[in-house]
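Visitor: For reference, this is final-v4.txt, and it has compact mmCIF, C-alpha atoms.
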# COMPACT_ATOMS: atom_id res chain seq x y z
CA MET A 1 169.53 40.80 122.09
CA SER A 2 169.54 42.24 125.63
CA LEU A 3 166.57 41.93 127.95
CA GLU A 4 164.45 45.03 128.33
CA LEU A 5 164.08 46.21 131.92
CA GLY A 6 160.71 47.72 131.17
CA LYS A 7 158.76 50.21 129.07
CA VAL A 8 159.13 53.90 129.91
CA LEU A 9 156.90 56.66 128.58
CA VAL A 10 158.76 60.00 128.52
CA VAL A 11 156.43 63.02 128.47
CA ASP A 12 158.15 66.35 127.85
CA ASP A 13 157.54 69.16 125.37
CA GLU A 14 161.26 69.74 124.83
CA ALA A 15 162.65 67.47 122.09
CA ALA A 16 166.19 67.82 123.47
CA ILE A 17 165.11 66.55 126.90
CA ARG A 18 163.23 63.64 125.35
CA ARG A 19 166.28 62.76 123.26
CA LEU A 20 168.56 62.84 126.30
CA LEU A 21 166.23 60.66 128.32
CA ARG A 22 165.66 58.28 125.42
CA ASN A 23 169.38 57.75 124.87
CA THR A 24 170.06 57.33 128.59
CA LEU A 25 167.26 54.84 129.12
CA GLN A 26 167.95 52.81 125.98
CA VAL A 27 171.61 52.42 126.94
CA ASN A 28 170.34 50.99 130.24
CA ASP A 29 168.04 48.50 128.44
CA TYR A 30 164.70 50.24 128.78
CA ARG A 31 162.29 50.52 125.87
CA VAL A 32 161.26 54.16 125.45
CA PHE A 33 158.13 55.83 124.06
CA GLU A 34 157.79 59.60 123.78
CA ALA A 35 155.03 62.19 123.98
CA GLY A 36 155.17 65.98 123.83
CA THR A 37 151.61 66.91 124.80
CA VAL A 38 148.87 65.90 127.21
CA ALA A 39 146.86 64.35 124.38
CA GLU A 40 149.82 62.30 123.13
CA ALA A 41 150.71 61.21 126.66
CA LEU A 42 147.22 59.89 127.39
CA ALA A 43 147.04 58.10 124.05
CA MET A 44 150.46 56.49 124.52
CA ALA A 45 149.70 55.49 128.11
CA ALA A 46 146.54 53.72 126.95
CA SER A 47 148.01 52.00 123.90
CA HIS A 48 151.53 51.07 125.09
CA LEU A 49 150.84 50.28 128.77
CA PRO A 50 154.20 51.57 130.08
CA ASP A 51 155.80 50.25 133.26
CA VAL A 52 156.83 53.78 134.31
CA ILE A 53 155.87 57.29 133.18
CA LEU A 54 158.39 60.15 133.39
CA LEU A 55 156.29 63.30 133.27
CA ASP A 56 157.09 67.00 132.87
CA LEU A 57 154.28 69.19 134.20
CA GLY A 58 154.65 72.04 131.72
CA LEU A 59 153.01 70.84 128.50
CA PRO A 60 151.73 73.02 125.62
CA ASP A 61 148.13 71.81 125.65
CA GLY A 62 147.58 71.57 129.39
CA ASP A 63 149.08 70.87 132.78
CA GLY A 64 150.80 67.57 133.50
CA LEU A 65 148.47 67.19 136.47
CA THR A 66 145.77 66.34 133.94
CA VAL A 67 147.86 63.38 132.81
CA ILE A 68 148.23 62.18 136.39
CA ASP A 69 144.50 62.55 137.13
CA THR A 70 143.43 60.71 133.99
CA VAL A 71 145.97 57.90 134.19
CA ARG A 72 145.14 57.30 137.85
CA GLN A 73 141.51 56.63 136.95
CA ARG A 74 142.54 53.46 135.12
CA SER A 75 146.06 52.47 136.11
CA ALA A 76 148.51 52.23 139.02
CA VAL A 77 151.52 52.65 136.75
CA PRO A 78 154.30 54.52 138.61
CA ILE A 79 154.50 58.20 137.62
CA ILE A 80 157.71 60.11 138.30
CA VAL A 81 157.42 63.85 137.78
CA LEU A 82 160.49 65.52 136.27
CA SER A 83 160.11 69.26 136.69
CA SER A 84 162.09 72.47 136.95
CA ARG A 85 159.48 73.77 139.40
CA THR A 86 161.10 73.95 142.82
CA ASP A 87 158.18 75.30 144.88
CA ASP A 88 156.82 72.94 147.49
CA SER A 89 153.22 73.62 146.48
CA GLY A 90 153.86 72.20 143.01
CA LYS A 91 155.37 69.04 144.46
CA VAL A 92 152.52 68.63 146.92
CA ARG A 93 149.87 69.01 144.20
CA ALA A 94 151.59 66.46 141.96
CA LEU A 95 151.98 63.93 144.77
CA ASP A 96 148.42 64.49 145.99
CA ALA A 97 147.17 63.98 142.43
CA GLY A 98 148.75 60.52 142.38
CA ALA A 99 152.39 60.91 141.32
CA ASP A 100 154.73 58.42 142.99
CA ASP A 101 157.86 60.58 142.99
CA TYR A 102 159.07 64.07 142.13
CA VAL A 103 162.53 64.80 140.75
CA THR A 104 163.71 68.38 140.26
CA LYS A 105 165.71 69.26 137.15
CA PRO A 106 168.64 69.09 136.74
CA PHE A 107 169.13 65.56 138.07
CA SER A 108 171.85 62.92 137.77
CA VAL A 109 171.42 59.86 135.58
CA ASP A 110 172.22 57.55 138.50
CA GLU A 111 169.56 59.18 140.65
CA LEU A 112 166.93 58.88 137.95
CA LEU A 113 167.70 55.21 137.28
CA ALA A 114 167.59 54.48 141.02
CA ARG A 115 164.20 56.14 141.33
CA ILE A 116 162.86 54.15 138.37
CA ARG A 117 164.05 50.90 139.96
CA ALA A 118 162.47 51.90 143.27
CA ALA A 119 159.17 52.71 141.56
CA LEU A 120 159.11 49.33 139.81
CA ARG A 121 159.99 47.55 143.05
CA HIS A 122 157.25 49.31 145.01
CA ARG A 123 154.64 48.54 142.37
CA MET A 124 155.50 44.83 142.45
CA GLN A 125 155.26 44.78 146.23
CA SER A 126 151.91 46.59 146.17
CA GLN A 127 150.62 43.89 143.81
CA GLY A 128 151.73 41.20 146.25
CA ALA A 129 154.73 40.09 144.18
CA GLN A 130 158.20 39.69 145.61
CA PRO A 131 160.90 41.49 143.59
CA LEU A 132 163.28 38.61 144.30
CA PHE A 133 162.23 34.98 143.75
CA VAL A 134 164.47 32.22 145.08
CA ARG A 135 163.87 28.49 144.86
CA GLY A 136 166.70 26.02 145.14
CA GLY A 137 169.46 27.22 142.83
CA LEU A 138 167.16 29.52 140.81
CA THR A 139 167.12 33.25 141.55
CA VAL A 140 164.99 35.73 139.59
CA ASP A 141 165.40 39.46 140.26
CA LEU A 142 162.30 41.02 138.71
CA VAL A 143 163.55 44.59 139.08
CA ARG A 144 166.96 44.05 137.48
CA ARG A 145 165.61 41.28 135.21
CA LEU A 146 168.51 39.12 136.25
CA VAL A 147 168.17 35.33 136.27
CA THR A 148 170.81 33.10 137.82
CA ARG A 149 171.10 29.34 138.26
CA ASP A 150 173.51 28.12 140.95
CA GLY A 151 175.15 31.55 140.95
CA THR A 152 175.66 31.73 137.18
CA GLU A 153 173.72 34.22 135.04
CA VAL A 154 171.29 32.62 132.61
CA ARG A 155 170.78 34.42 129.32
CA LEU A 156 167.15 34.36 128.23
CA SER A 157 165.45 35.67 125.11
CA PRO A 158 162.79 38.36 125.67
CA LYS A 159 159.98 35.83 125.14
CA GLU A 160 161.61 33.29 127.48
CA TYR A 161 161.95 35.95 130.14
CA GLY A 162 158.38 37.12 129.59
CA ILE A 163 157.09 33.60 130.29
CA LEU A 164 159.32 33.21 133.36
CA GLN A 165 158.27 36.63 134.65
CA GLN A 166 154.59 35.64 134.50
CA LEU A 167 155.32 32.33 136.24
CA VAL A 168 157.27 34.11 138.99
CA LEU A 169 154.62 36.79 139.49
CA HIS A 170 152.06 34.01 140.00
CA ALA A 171 154.36 31.40 141.58
CA GLY A 172 152.48 28.36 142.82
CA LYS A 173 149.43 29.13 140.66
CA VAL A 174 148.44 27.51 137.38
CA LEU A 175 148.71 29.86 134.41
CA THR A 176 146.59 28.90 131.43
CA HIS A 177 147.87 28.83 127.88
CA ARG A 178 145.56 31.74 127.12
CA HIS A 179 146.99 33.84 129.97
CA LEU A 180 150.59 33.34 128.83
CA LEU A 181 149.77 34.02 125.18
CA ARG A 182 147.90 37.18 126.13
CA GLU A 183 150.56 38.54 128.50
CA VAL A 184 153.68 37.59 126.52
CA TRP A 185 152.47 37.68 122.91
CA GLN A 186 149.43 39.95 123.33
CA GLN A 187 147.29 37.27 121.67
CA ASP A 188 143.89 36.48 123.09
CA SER A 189 143.51 32.98 121.67
CA ASP A 190 144.72 29.42 122.12
CA GLY A 191 145.94 29.15 118.54
CA ASP A 192 149.68 29.12 119.25
CA VAL A 193 149.89 26.63 122.11
CA ALA A 194 152.43 24.57 120.17
CA TYR A 195 154.58 27.69 119.81
CA LEU A 196 154.32 28.25 123.57
CA ARG A 197 155.44 24.68 124.24
CA VAL A 198 158.61 25.30 122.24
CA TYR A 199 159.53 28.21 124.49
CA ILE A 200 158.69 26.28 127.65
CA ARG A 201 160.99 23.49 126.46
CA GLN A 202 163.79 26.01 125.82
CA LEU A 203 163.22 27.61 129.23
CA ARG A 204 163.38 24.26 130.98
CA GLY A 205 166.60 23.47 129.15
CA LYS A 206 168.18 26.56 130.68
CA LEU A 207 166.72 26.34 134.18
CA GLU A 208 165.97 22.73 135.07
CA ALA A 209 168.56 20.29 136.43
CA ASN A 210 166.83 17.61 134.37
CA PRO A 211 164.71 19.17 131.60
CA GLU A 212 163.13 15.80 130.77
CA GLN A 213 161.81 15.54 134.32
CA PRO A 214 161.13 19.18 135.24
CA SER A 215 160.84 20.05 138.91
CA LEU A 216 160.46 23.83 138.55
CA ILE A 217 158.10 24.48 135.64
CA VAL A 218 155.34 21.93 135.97
CA THR A 219 152.88 21.08 133.19
CA GLU A 220 149.20 21.04 134.09
CA PRO A 221 147.87 18.81 131.24
CA GLY A 222 145.38 20.54 129.00
CA VAL A 223 145.48 23.73 131.07
CA GLY A 224 148.88 25.40 131.25
CA TYR A 225 151.94 25.65 133.48
CA ARG A 226 152.87 26.30 137.11
CA LEU A 227 156.10 27.42 138.74
CA ARG A 228 156.64 25.49 141.95
CA SER A 229 157.10 27.85 144.88
CA ASP A 230 157.55 25.24 147.60
CA PRO A 231 161.11 24.32 148.68
Since I need it in another form, could you write the structure as structure tokens?

Guide:
Amino acid sequence: MSLELGKVLVVDDEAAIRRLLRNTLQVNDYRVFEAGTVAEALAMAASHLPDVILLDLGLPDGDGLTVIDTVRQRSAVPIIVLSSRTDDSGKVRALDAGADDYVTKPFSVDELLARIRAALRHRMQSQGAQPLFVRGGLTVDLVRRLVTRDGTEVRLSPKEYGILQQLVLHAGKVLTHRHLLREVWQQDSDGDVAYLRVYIRQLRGKLEANPEQPSLIVTEPGVGYRLRSDP
């Protein structure tokens, strides 16, 4: 199973456009959700918490600007407008409303993927996270979701990567069992701590020089885990 690069919400009233974008993004390891109206877009944004929203402004039940306004009241998720409107006033209104980027149709696949990567990178930086984490022989590229150890790619399961991603985003800080279960498994309880330990053990086996004496992923007894950020 390949690692997902992130969750993308595609909002467009044309089924053919949604299908094209879905196929393109899935081939490039993104998980895709779709909406064809303002109402569906707002519901999906709230329930699925996408990493990026691709938004067409011309929707049957309202203007896409309504989506931008509403989402911006509760989230900083990157919004990339995909529109056939070429007038500068439309672009200015979308960007002033809170969109992060504006791509005019038709566009190339490579351009769109590059803009998605840039949006993800900028969001991480705005949150104080570094897109590239390096410590010793471990390198974690949070944008490309690429993990290497001493120059060799390390294949991680989605759950293993989810744990590592949280540790990298909060490198040097102690993450509680509850935090990891909530962020990786969407469980707000301490009931599966033993299950979490299994994944930590597997992760150490892939990343640590000596998994029995870990120097990267440190256990904080009774609390959780910490990724060492010091050299």

Visitor: Return as AutoDock Vina command-line options the centre and edge lengths, in Å with one decimal, of the box along x, y and z that encloses every atom of range 52-58 of chain A in the file, padded by 4 Å per side.

Guide:
--center_x 156.3 --center_y 62.9 --center_z 133.0 --size_x 12.1 --size_y 26.3 --size_z 10.6

Visitor: List every residue of range 151-229 of chain A that has an atom at most 12 Å from any atom of range 116-124 of chain A, and for each one report the closest atom pair and its distance in Å to one decimal, counting all atoms listed in the file, with rows sorted by chain and then by increasing residue number, as a tab-separated table.

Guide:
residue	atom	partner	partner_atom	distance
A:Gln165	CA	A:Met124	CA	11.7
A:Val168	CA	A:Met124	CA	11.4
A:Leu169	CA	A:Met124	CA	8.6
A:His170	CA	A:Met124	CA	11.6

Visitor: Find the residues near Val67 in chain A: any atom within 10 Å, counting only C-alpha atoms, skip ones fewer than 2 places away on the same chain, and give them as a list in words.

Guide: Val11, Thr37, Val38, Ala39, Glu40, Ala41, Leu42, Ala45, Leu55, Asp56, Leu57, Gly62, Asp63, Gly64, Leu65, Asp69, Thr70, Val71, Arg72, Ile79, Ala97 and Ala99 of chain A

Visitor: Work out how far apart CA of Ser215 in chain A and CA of Arg228 in chain A are and give it in Å to one decimal.

Guide: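 These atoms are spaced 7.5 Å apart.
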
Visitor: Of the residues A:Ala76, A:Ala114, A:Ala43, A:Leu82, which is the one nearest to Gly58 in chain A, using only C-alpha atoms?

Guide: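 When distances to Gly58 in chain A are compared using only C-alpha atoms, the smallest one comes from A:Leu82.
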
Visitor: With only C-alpha atoms as the counted atoms, please give the residues lying no more than 7 Å from range 156-159 of chain A, apart from itself and same-chain residues fewer than 2 positions off, as an NGL selection string.

Guide: :A and (3 or 154 or 161-163 or 184)

Visitor: Could you give me, as a ChimeraX atom specification, the residues within 12 Å of Glu160 in chain A, counting all atoms listed in the file and dropping anything in the same chain fewer than 5 positions from it?

Guide: /A:3,145,147,154-155,165-167,180,184-185,195-207

Visitor: Which is closer to Val109 in chain A than all the others in A:Val143, A:Leu25, A:Glu34, A:Arg19, using only C-alpha atoms?

Guide: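 Looking only at the distances to Val109 in chain A, the closest residue turns out to be A:Leu25.
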
Visitor: Do you know which residues are at most 10 Å from Gly222 in chain A counting only C-alpha atoms, after dropping those on the same chain fewer than 2 positions away, and could you put them as a ChimeraX atom specification?

Guide: /A:176-177,219-220,224-225

Visitor: Keeping only C-alpha atoms, write the selected residues to a file as a short mmCIF file (atom, residue, chain, number, x, y, z; two decimals), in the frame of the given file.

Guide:
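Listed below is the output, selection19.cif:
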data_model
loop_
_atom_site.label_atom_id
_atom_site.label_comp_id
_atom_site.auth_asym_id
_atom_site.auth_seq_id
_atom_site.Cartn_x
_atom_site.Cartn_y
_atom_site.Cartn_z
CA THR A 176 146.59 28.90 131.43
CA HIS A 177 147.87 28.83 127.88
CA THR A 219 152.88 21.08 133.19
CA GLU A 220 149.20 21.04 134.09
CA GLY A 224 148.88 25.40 131.25
CA TYR A 225 151.94 25.65 133.48
#

Visitor: Could you give me range 111-123 of chain A completed to N, CA and C atoms, formatted as a compact mmCIF listing (two decimals), keeping the file's coordinate frame?

Guide:
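In the end it all went to out08.txt:
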# COMPACT_ATOMS: atom_id res chain seq x y z
N GLU A 111 170.71 58.95 139.79
CA GLU A 111 169.56 59.18 140.65
C GLU A 111 168.27 58.80 139.95
N LEU A 112 168.14 59.20 138.69
CA LEU A 112 166.93 58.88 137.95
C LEU A 112 166.74 57.38 137.81
N LEU A 113 167.80 56.67 137.44
CA LEU A 113 167.70 55.21 137.28
C LEU A 113 167.34 54.54 138.60
N ALA A 114 167.90 55.05 139.70
CA ALA A 114 167.59 54.48 141.02
C ALA A 114 166.13 54.70 141.37
N ARG A 115 165.61 55.86 141.03
CA ARG A 115 164.20 56.14 141.33
C ARG A 115 163.26 55.30 140.47
N ILE A 116 163.66 55.03 139.22
CA ILE A 116 162.86 54.15 138.37
C ILE A 116 162.84 52.74 138.95
N ARG A 117 164.00 52.25 139.36
CA ARG A 117 164.05 50.90 139.96
C ARG A 117 163.20 50.83 141.22
N ALA A 118 163.27 51.89 142.04
CA ALA A 118 162.47 51.90 143.27
C ALA A 118 160.98 51.91 142.96
N ALA A 119 160.59 52.66 141.93
CA ALA A 119 159.17 52.71 141.56
C ALA A 119 158.68 51.35 141.09
N LEU A 120 159.48 50.66 140.28
CA LEU A 120 159.11 49.33 139.81
C LEU A 120 159.03 48.35 140.97
N ARG A 121 159.97 48.45 141.89
CA ARG A 121 159.99 47.55 143.05
C ARG A 121 158.75 47.76 143.91
N HIS A 122 158.41 49.01 144.16
CA HIS A 122 157.25 49.31 145.01
C HIS A 122 155.95 48.84 144.37
N ARG A 123 155.87 48.97 143.05
CA ARG A 123 154.64 48.54 142.37
C ARG A 123 154.48 47.03 142.49
